[in-house]
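> Could you have a look at this structure, given as structure tokens, before my questions?
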Amino acid sequence: MAFGFVFPGQGSQSVGMLGGFASADGQALIRESFAEASSVLGYDLWQRVAEGPAEQLNATQCTQPAMLAAGIATWRLWRKRSGGEPAVVAGHSLGEFSALVAAGALEFAAAIDLVRFRGQVMQEAVPMGSGAMAAILGLEDAEVLEACAEGAQGGVVEAVNFNAPGQVVIAGERGAVERAIEAAQTRGAKRAVILPVSVPSHSSLMRPAAARLGEKLATVALCAPRLRFISAVDAQPHADPQTLRTLLVRQLSSPVRWTDTVRRLSALGVAQLIECGPGKVLTALNRRIERRPDLACLALEDDASLEVALSAAR
């Protein structure tokens with residue numbers, strides 16, 4: 001049966017990631033991929049991933065190219081080990097760039113430069129410390145939207161990541177986010193906590209950054225993907241290059257609809273959803289979203305999990 005690939009975004013990075021792929025040829029391929037990225041960036045990206053410090057890796061201008069390079073290195077290792085091409089690909093936020101590279105719509109080097117710029121303009125769009133994001137657990141989506149409306153009080157706070165049933169991330173101006181947390185707790189949220197980030201990703205505060213990203217994207221070659229691509233902006237398939245540009249701009253200041261995206265992937269009848277990149281954040285979400293007994297949710301974390309996925313997807 002067919003399988004799908006999903007690519008994680010910012011937040012799945014860690015110092016030492018990809019270290020579980022210990023074979024000599026695997027490490028060589030990973031280093032080669034990071035060397036390509038480093039030649040674009042002008043610094044040793046692999047050193048930052050392998051040695052840290054975490055504060056440097058977690059700076060968004062570094063995190064975004066690091067996650068893209070990690071996702072594509074893992075994808076290349078999958079293909080080197082005779083893994084087949086998925087029937088469909090998708091990505092969570094930044095992961096959409098990885099998905100489009102894997103699908104042949106965007107060149108790897110161009111994507112590295114794009115996401116470096118994306119991280120830069122996101123950080124510049126909102127003064128450091130004035131924005132915030134928070135995870136709200138245990139409420140219905142509608143209740144989170146109500147909490148945001150109550151907490152806004154003339155400020156900006158919005159639901160920005162619909163990650164799974166009962167798990168929504170909000171973002172906006174720090175004061176408004178803090179008020180929305182109180183409103184969510186009043187409504188019975190199991191947890192409502194500020195996340196350790198300063199950029200209110202996917203909120204309307206990112207519109208200036210999106211406009212600048214749009215100008216950059218206009219200069220970059222995009223072609224129709226050879227694999228079916230589902231965008232987490234609207235959980236719909238897209239192939240037209242100009243539409244893809246528009247979606248990558250919209251994505252920056254509109255919610256990530258991951259719950260709807262995974263349900264769309266499942267509706268295509270795939271037998272496995274395989275997370276391609278560091279960690280297994282998406283795999284945990286996917287299992288919460290779609291409980292089809294015949295759907296396996298797998299993550300490519302190390303040599304052992306790679307072999308499991310290769311066997312399952314044959």
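Chains: A, B, ... in order of the structure tokens. Residues: from 1 per chain. Ligands: from 1, in order shown.
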What are the closest atom pairs, with distances in Å to one decimal, for all residues of segment 155-208 of chain A lying within 7 Å of segment 136-139 of chain A? Consider only C-alpha atoms, order rows by chain and residue number, and present the result as JSON lines.


```
{"residue": "A:Gly166", "atom": "CA", "partner": "A:Gly138", "partner_atom": "CA", "distance": 4.5}
{"residue": "A:Gln167", "atom": "CA", "partner": "A:Leu137", "partner_atom": "CA", "distance": 4.8}
{"residue": "A:Val168", "atom": "CA", "partner": "A:Ile136", "partner_atom": "CA", "distance": 5.3}
{"residue": "A:Val169", "atom": "CA", "partner": "A:Ile136", "partner_atom": "CA", "distance": 5.9}
{"residue": "A:Ala189", "atom": "CA", "partner": "A:Gly138", "partner_atom": "CA", "distance": 5.0}
{"residue": "A:Lys190", "atom": "CA", "partner": "A:Gly138", "partner_atom": "CA", "distance": 5.1}
{"residue": "A:Arg191", "atom": "CA", "partner": "A:Leu137", "partner_atom": "CA", "distance": 5.1}
{"residue": "A:Ala192", "atom": "CA", "partner": "A:Ile136", "partner_atom": "CA", "distance": 4.5}
{"residue": "A:Val193", "atom": "CA", "partner": "A:Ile136", "partner_atom": "CA", "distance": 6.9}
```

> Can you spit out the residues from that selection as a CSV table (one decimal), in the first residue's frame, using N, CA and C atoms?


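Wrote part.csv, looks like this:
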```csv
chain,number,residue,atom,x,y,z
A,166,GLY,N,-7.6,18.9,21.3
A,166,GLY,CA,-7.2,19.2,22.6
A,166,GLY,C,-5.8,19.8,22.8
A,167,GLN,N,-5.2,20.1,21.6
A,167,GLN,CA,-3.8,20.7,21.7
A,167,GLN,C,-3.8,21.9,20.7
A,168,VAL,N,-3.8,23.1,21.1
A,168,VAL,CA,-3.8,24.3,20.3
A,168,VAL,C,-2.8,25.2,20.8
A,169,VAL,N,-2.0,25.8,19.9
A,169,VAL,CA,-1.0,26.9,20.3
A,169,VAL,C,-1.6,28.2,19.9
A,189,ALA,N,-8.9,24.5,31.0
A,189,ALA,CA,-7.7,23.9,30.3
A,189,ALA,C,-6.9,23.1,31.3
A,190,LYS,N,-6.4,21.9,30.8
A,190,LYS,CA,-5.6,21.1,31.7
A,190,LYS,C,-4.2,21.7,31.9
A,191,ARG,N,-3.7,22.3,30.8
A,191,ARG,CA,-2.4,23.1,30.9
A,191,ARG,C,-2.5,24.3,30.0
A,192,ALA,N,-1.8,25.3,30.4
A,192,ALA,CA,-1.8,26.5,29.6
A,192,ALA,C,-0.5,27.2,29.9
A,193,VAL,N,0.5,27.0,29.0
A,193,VAL,CA,1.9,27.5,29.4
A,193,VAL,C,2.5,28.3,28.3
```

> Fewer than 3 positions away in the same chain doesn't count, so skip those; otherwise give me all residues within 9 Å of Gly95 of chain A, counting only C-alpha atoms, as an MDAnalysis selection string.

chainID A and resid 6:10 67:68 71 90:92 98:100

> Show which residues sit within 8 Å of Ala313 of chain A, as a PyMOL selection string. Count only C-alpha atoms, and ignore same-chain residues fewer than 5 positions away.

chain A and resi 1-3+83-84+272

> Could you state the separation of atom CA of Ala159 of chain A and atom CA of Met122 of chain A in Å, given to one decimal place?

17.7 Å

> As a PyMOL selection string, list the residues of segment 4-229 of chain A assigned to strand (DSSP E or B) by DSSP on the backbone atoms of this structure.

chain A and resi 4-7+88-91+131-137+157-164+167-173+191-194+228-229

> Using only C-alpha atoms, find each residue of segment 166-228 of chain A with at least one atom at most 10 Å away from an atom of segment 236-247 of chain A; report its shortest atom-to-atom pair and that distance in Å (one decimal), sort the rows by chain and rising residue number, and return the result as a tab-separated table.


```
residue	atom	partner	partner_atom	distance
A:Ala210	CA	A:Thr246	CA	10.0
A:Leu213	CA	A:Arg245	CA	9.6
A:Gly214	CA	A:Arg245	CA	7.4
A:Leu217	CA	A:Arg245	CA	6.5
A:Ala218	CA	A:Arg245	CA	7.7
A:Val220	CA	A:Arg245	CA	9.3
A:Ala221	CA	A:Pro241	CA	8.8
A:Leu222	CA	A:Pro241	CA	5.6
A:Cys223	CA	A:Pro241	CA	5.3
A:Ala224	CA	A:Ala239	CA	5.1
A:Pro225	CA	A:Ala239	CA	6.0
A:Arg226	CA	A:Ala239	CA	8.6
A:Leu227	CA	A:Ala239	CA	8.9
A:Arg228	CA	A:Pro237	CA	6.8
```

> Which one is closest to Glu290 of chain A: A:Ser204, A:Ser305, A:Ser130, A:Asn163? Count only C-alpha atoms.

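Counting only C-alpha atoms, the residue closest to Glu290 of chain A is A:Asn163.
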
> Extract, using only C-alpha atoms, all DNA, RNA and protein residues at most 8 Å from Leu145 of chain A, discarding same-chain residues fewer than 4 positions from it, and format them as a list of chain:residue names.

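So the residues in contact are A:Asp141, A:Ala149, A:Glu158, A:Ala159.
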
> Could you turn the residues from that selection into a file that holds N, CA and C atoms, as a CSV table (one decimal), in the first residue's frame?


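Contents of part_34.csv, as written:
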```csv
chain,number,residue,atom,x,y,z
A,141,ASP,N,-11.3,23.4,20.3
A,141,ASP,CA,-10.9,24.5,19.5
A,141,ASP,C,-11.7,25.8,19.7
A,149,ALA,N,-10.4,35.6,22.2
A,149,ALA,CA,-11.3,36.8,22.0
A,149,ALA,C,-11.4,37.6,23.4
A,158,GLU,N,-4.1,35.0,19.0
A,158,GLU,CA,-4.8,34.2,18.0
A,158,GLU,C,-4.4,32.8,18.2
A,159,ALA,N,-5.3,31.9,17.8
A,159,ALA,CA,-5.0,30.4,17.7
A,159,ALA,C,-4.2,30.2,16.4
```

> Go through A:Val49, A:Val89, A:Leu114, A:Ala109 one by one, measure the shortest atom-to-atom distance of each to Ala37 of chain A using only C-alpha atoms, and give the residue with the smallest value.

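Going through A:Val49, A:Val89, A:Leu114, A:Ala109 one by one, the smallest distance to Ala37 of chain A is for A:Ala109.
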
> Going by DSSP on the backbone, which bits of segment 194-279 of chain A are alpha helix (DSSP H)? Write them as a VMD selection string, please.

chain A and resid 207 to 217 241 to 250 258 to 267

> Could you pull the residues within 9 Å of Val281 of chain A, counting only C-alpha atoms, minus those fewer than 6 positions along the same chain, as a ChimeraX atom specification?

/A:8,11-12,275,299

> Write a file of the just-selected residues containing C-alpha atoms, as a PDB file, in the first residue's frame.


```pdb
ATOM      1  CA  PRO A   8       8.612  18.500  11.195  1.00  0.00           C
ATOM      2  CA  GLY A  11      10.805  23.042  17.861  1.00  0.00           C
ATOM      3  CA  SER A  12      12.048  19.547  16.985  1.00  0.00           C
ATOM      4  CA  GLU A 275       7.974  11.463   9.991  1.00  0.00           C
ATOM      5  CA  ALA A 299       9.395   8.291  12.857  1.00  0.00           C
TER       6      ALA A 299
END
```

> Which residue gives the smallest distance to Leu94 of chain A among A:Ser201, A:Val15, A:Arg174, A:Phe108, with only C-alpha atoms counted?

A:Ser201

> Looking at only C-alpha atoms, which of A:Ala209, A:Ala171, A:Ala134, A:Ala164 is the one that sits closest to Leu195 of chain A?

A:Ala134

> Go through A:Ala28, A:Ala132, A:Ala102, A:Leu18 and flag the residue nearest Glu85 of chain A, using only C-alpha atoms for the distances.

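Nearest to Glu85 of chain A: A:Ala102.
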
> Please report the interatomic distance between atom CA of Phe117 of chain A and atom CA of Pro208 of chain A in Å with one decimal.

13.2 Å
